[in-house]
Amino acid sequence: MALEIVQNRLGLWRDPQWSAGMPGVYALISGVSAYAHFDGGTGKLAPDGHGLEQLLSSANTAASLFKWLRQSFKRQDMPVVWCYLLLSPTPAERAVFDSKGLRHYAEPNYLGLQQAIQLWTGNAPQPAAAARASRTLFFFSGHGVQSNWNALLLPSDYLDPELGQPPHYQNCFSTGELRKWMEENPVGEHLALLDACRNEFSPLASKGATANTVFPVNPPGGAAPRSAATLAAASPNTVAYQLKNRPLTLFGEALLEAVTGSADPAGTELPFRELVDYVKPRVNVLLKEAAGTTLEQTVRPRIDGDDHLIVTELAQRARRSARSSRGAAAASPVPRGPGVDAAVRAISERAAASLMVSTDAISLDGMRTSPGEAYRRFGHEYASNIWRDGGVALHSLVDGKRLEDGARLLKVSRDESSSIVHIDLALDARPGGILLVFEGIDHVQRERLAVALPTDENDRMPVRLSIGIAAAELGGPLKIQSLLARMGPGPWNPHYAYLWDLTQQAQLSSLIQAAESADPARLQMAVEAKSQAQAAAIAGLLLLARAGQIGKVADWPRNLMNWFPKVPDGAVLWAEALRQAQRSGVAKPFGVMDPADEMATALTALIDRGAPFFADSLDLVDRLVRQALRTDMASAQRDKLEQLAHALRRIFDIAMPGGDFVVLPGLPRPPWLDSSKGAITVREMLRLLRGPGL
């Protein structure tokens with residue numbers, strides 16, 4: 001039967017036959033368009049809203065997903081039996097809801113969402129049989145922010161001034177906690193859909209703060225779920241869009257198209273991977289159609305466990321085509337259509353910026369000794385001064401020494417105001433990687449921003465940097481606010497050129513298509529020392545790992561781990577290859593007699609090798625360690641894994657994902673460092689990444 005109103009609990013809908021522990025789908029759906037204390041809100045305004053504004057269509061997007069879930073979701077032997085609905089609509093959205101008789105929803109303020117999360121997690125079935133036959137669904141549309149490594153969701157009463165000073169920035173919700181709960185809860189399937197921005201929120205990030213703890217801790221030793229999948233509307237430090245005169249967010253519009261049949265008009269069911277492959281490019285097609293822009297919205301999936309999670313079964317009927325912003329039927333709603341190809345090509349050119357400044361190469365030392373060269377490339381003083389006064393430096397991750405040079409600047413592009421600057425670098429060949437540091441209280445908002453980058457032993461490593469320069473407050477000085485680093489195209493090396501094309505496809509269009517088209521022989525060649533492209537090999541194997549296809553290269557991750565001990569990511573990839581093989585039912589993958597012991601050995605190698613370079617690797621090792629610690633093992637091995645888990649928590653305390661790699665800001669200084677004041681030093685960053693030996 002369809003969900004019906006529970007009269008004594010505003011927002012709760014249940015199957016009238018529901019009883020505690022009943023198997024089925026348990027959902028929490030929340031949409032926040034109206035924020036009471038931001039500009040334009042109905043409540044007392046926060047003294048400083050930090051530029052946060054009212055939203056346009058998040059409540060209607062959530063209500064539309066609830067309607068689909070209630071009326072059209074279908075999965076054999078998995079009925080929807082429980083749903084908590086929370087909406088904070090604009091006046092226009094509320095009028096539409098009232099006209100349709102939708103009034104039974106709770107307010108998604110901090111206390112309301114906290115209670116809803118507790119009811120949702122508490123009512124999910126616990127007995128093994130019922131849990132395995134069930135699914136949880138979490139959907140949130142509204143404001144989201146990034147605080148260092150933490151992606152956070154904001155309730156409708158965020159920054160309520162009635163709570164007094166200082167502002168209660170922590171009154172929000174952590175998607176990291178949500179994922180951790182999903183990955184460790186015994187319910188068979190978990191699906192989270194997060195329709196929110198992930199741009200950095202400095203009031204939280206600069207204090208090292210995150211959300212208050214809300215999600216319960218699962219008891220140790222419980223059964224792992226079959227699947228725990230997340231689809232986020234934005235990647236770290238990027239924006240999710242909603243536009244005027246569109247009733248749904250762009251992510252919500254693409255999502256609802258997919259679950260109602262547009263992803264595969266001839267199909268009978270919608271797997272999670274197919275959902276991703278539709279929504280990822282479709283969002284950018286809608287953005288281009290509606291706004292005529294090449295702005296990018298990078299949808300980001302994550303799945304642990306069985307890749308074949310069926311989101312919904314599709315009714316056997318003619319599918320309606322996806323609609324464009326002008327109301328005409330799109331010529332090809334499927335992700336492989338020509339419209340998507342054109343949009344992806346346009347988006348992929350975004351790094352060229354609006355003004356090309358220089359394409360002639362120069363060494364970092366040349367920038368320092370020829371001051372006019374820095375200004376010629378970067379324009380405004382606030383963008384160029386840091387390059388000519390010693391504020392940009394490289395440090396070896398092997399011995400910590402500052403390098404006099406070590407890189408060549410290949411190309412600079414920027415907008416007219418130099419507020420967005422893209423830089424292509426070639427890092428000199430050397431073992432072990434480097435720490436690239438931007439520093440100076442006059443140049444960097446958090447005094448120091450550093451990124452750890454891999455280097456190849458025998459050839460140059462290409463890196464593309466993106467730097468954001470702005471004032472932290474109205475009328476304040478212009479400083480570097482953000483730093484992103486991605487592996488660049490490297491046209492001098494065929495492996496980097498090949499991996500650039502693959503990763504562009506994975507980022508902007510289809511992860512699964514990129515993984516399927518990846519040539520194992522090319523990736524294996526990049527692992528070999530003679531290919532001089534170890535960083536390209538890591539990127540390729542990470543792409544396969546994210547798509548659940550790392551088995552395509554057999555045991556070559558073990559070779560990467562053994563041949564290049566100064567590249568910590570190899571050990572992570574070998575552990576993940578073993579995990580994926582075991583998940584697929586292979587008892588002794590790659591001839592390994594005790595896979596669990598081999599995985600633990602690979603992971604604990606990081607204690608000596610240091611933190612991985614790639615942000616995806618760091619997320620992956622965190623998940624692998626947490627999973628390993630929930631199993632039985634020898635006490636000595638557990639002690640090592642606990643030591644590694646402690647080191648990872650310290651990195652997450654201060655680090656942030658910055659494109660492909662891990663960025664470390666100088667501020668805030670975490671309390672577990674010594675009591676001296678000031679920004680985290682370069683030496684402290686090096687020790688955090690590579691251990692006390694540096």
# chains A, B, ... in the order shown; residues from 1 in each chain; ligands from 1
>>> residues_around(residues="segment 607-610 of chain A", least_positions_apart="6", cutoff="6 Å", atoms="only C-alpha atoms", output="list in words")
Pro568, Leu689 and Arg690 of chain A
>>> residues_around(residues="Ala240 of chain A", least_positions_apart="2", cutoff="8 Å", atoms="only C-alpha atoms", output="list of chain:residue names")
A:Asp195, A:Ala196, A:Cys197, A:Arg198, A:Ala233, A:Ala234, A:Thr238, A:Gln242, A:Leu250, A:Phe251, A:Gln297
>>> write_last_selection(atoms="N, CA and C atoms", output="tab-separated table (two decimals), in the first residue's frame")
chain	number	residue	atom	x	y	z
A	195	ASP	N	21.93	16.89	-2.70
A	195	ASP	CA	21.76	17.98	-3.67
A	195	ASP	C	22.15	19.29	-3.01
A	196	ALA	N	23.46	19.53	-2.91
A	196	ALA	CA	23.95	20.70	-2.18
A	196	ALA	C	25.33	21.08	-2.69
A	197	CYS	N	25.68	22.34	-2.47
A	197	CYS	CA	27.02	22.82	-2.82
A	197	CYS	C	28.06	22.21	-1.88
A	198	ARG	N	29.35	22.34	-2.31
A	198	ARG	CA	30.45	21.92	-1.45
A	198	ARG	C	31.58	22.95	-1.49
A	233	ALA	N	25.60	16.06	-5.70
A	233	ALA	CA	25.41	17.00	-6.81
A	233	ALA	C	26.67	17.78	-7.14
A	234	ALA	N	27.65	17.79	-6.23
A	234	ALA	CA	28.86	18.57	-6.45
A	234	ALA	C	30.06	17.85	-5.84
A	238	THR	N	33.16	22.81	-5.10
A	238	THR	CA	32.40	23.21	-6.28
A	238	THR	C	30.95	23.49	-5.89
A	242	GLN	N	20.90	25.99	-8.96
A	242	GLN	CA	19.45	26.05	-9.21
A	242	GLN	C	19.17	27.43	-9.78
A	250	LEU	N	18.92	21.64	-10.80
A	250	LEU	CA	19.42	20.93	-11.98
A	250	LEU	C	19.71	19.47	-11.65
A	251	PHE	N	20.30	19.22	-10.49
A	251	PHE	CA	20.55	17.84	-10.07
A	251	PHE	C	19.24	17.10	-9.89
A	297	GLN	N	29.18	21.76	-13.21
A	297	GLN	CA	28.71	21.16	-11.97
A	297	GLN	C	29.14	19.70	-12.00
>>> closest_residue(among="A:Leu87, A:Met367, A:Leu10, A:Ala426", to="Asp389 of chain A", atoms="only C-alpha atoms")
A:Met367
>>> closest_atom_pairs(of="segment 549-603 of chain A", to="segment 513-534 of chain A", cutoff="10 Å", atoms="only C-alpha atoms", output="tab-separated table")
residue	atom	partner	partner_atom	distance
A:Gln549	CA	A:Ala515	CA	7.1
A:Ile550	CA	A:Ala515	CA	8.9
A:Gly551	CA	A:Pro520	CA	9.7
A:Lys552	CA	A:Pro520	CA	6.3
A:Val553	CA	A:Pro520	CA	5.5
A:Ala554	CA	A:Pro520	CA	9.0
A:Trp556	CA	A:Gln524	CA	6.8
A:Pro557	CA	A:Val527	CA	8.5
A:Asn559	CA	A:Val527	CA	7.7
A:Leu560	CA	A:Val527	CA	6.1
A:Met561	CA	A:Val527	CA	9.9
A:Trp563	CA	A:Ala529	CA	8.2
A:Phe564	CA	A:Gln534	CA	8.2
A:Val567	CA	A:Gln534	CA	8.4
A:Gly570	CA	A:Gln534	CA	9.7
>>> residues_around(residues="segment 20-25 of chain A", least_positions_apart="4", cutoff="9 Å", atoms="only C-alpha atoms", output="PyMOL selection string")
chain A and resi 77-83+123-127+129-137
>>> atom_distance(atom1="atom CA of Lys401 of chain A", atom2="atom CA of Asp569 of chain A")
22.4 Å
>>> closest_residue(among="A:Gly51, A:Gly11, A:Gly31, A:Gly476", to="Phe139 of chain A", atoms="only C-alpha atoms")
A:Gly31
>>> residues_around(residues="Asp399 of chain A", least_positions_apart="3", cutoff="12 Å", atoms="only C-alpha atoms", output="JSON, numbers by chain")
{"A": [395, 396, 402, 403, 431, 432, 433, 434, 435, 566, 683, 686, 687, 690, 691, 692, 693, 694]}
>>> closest_residue(among="A:Phe201, A:Tyr241, A:Tyr496, A:Tyr278", to="Glu296 of chain A", atoms="only C-alpha atoms")
A:Tyr241
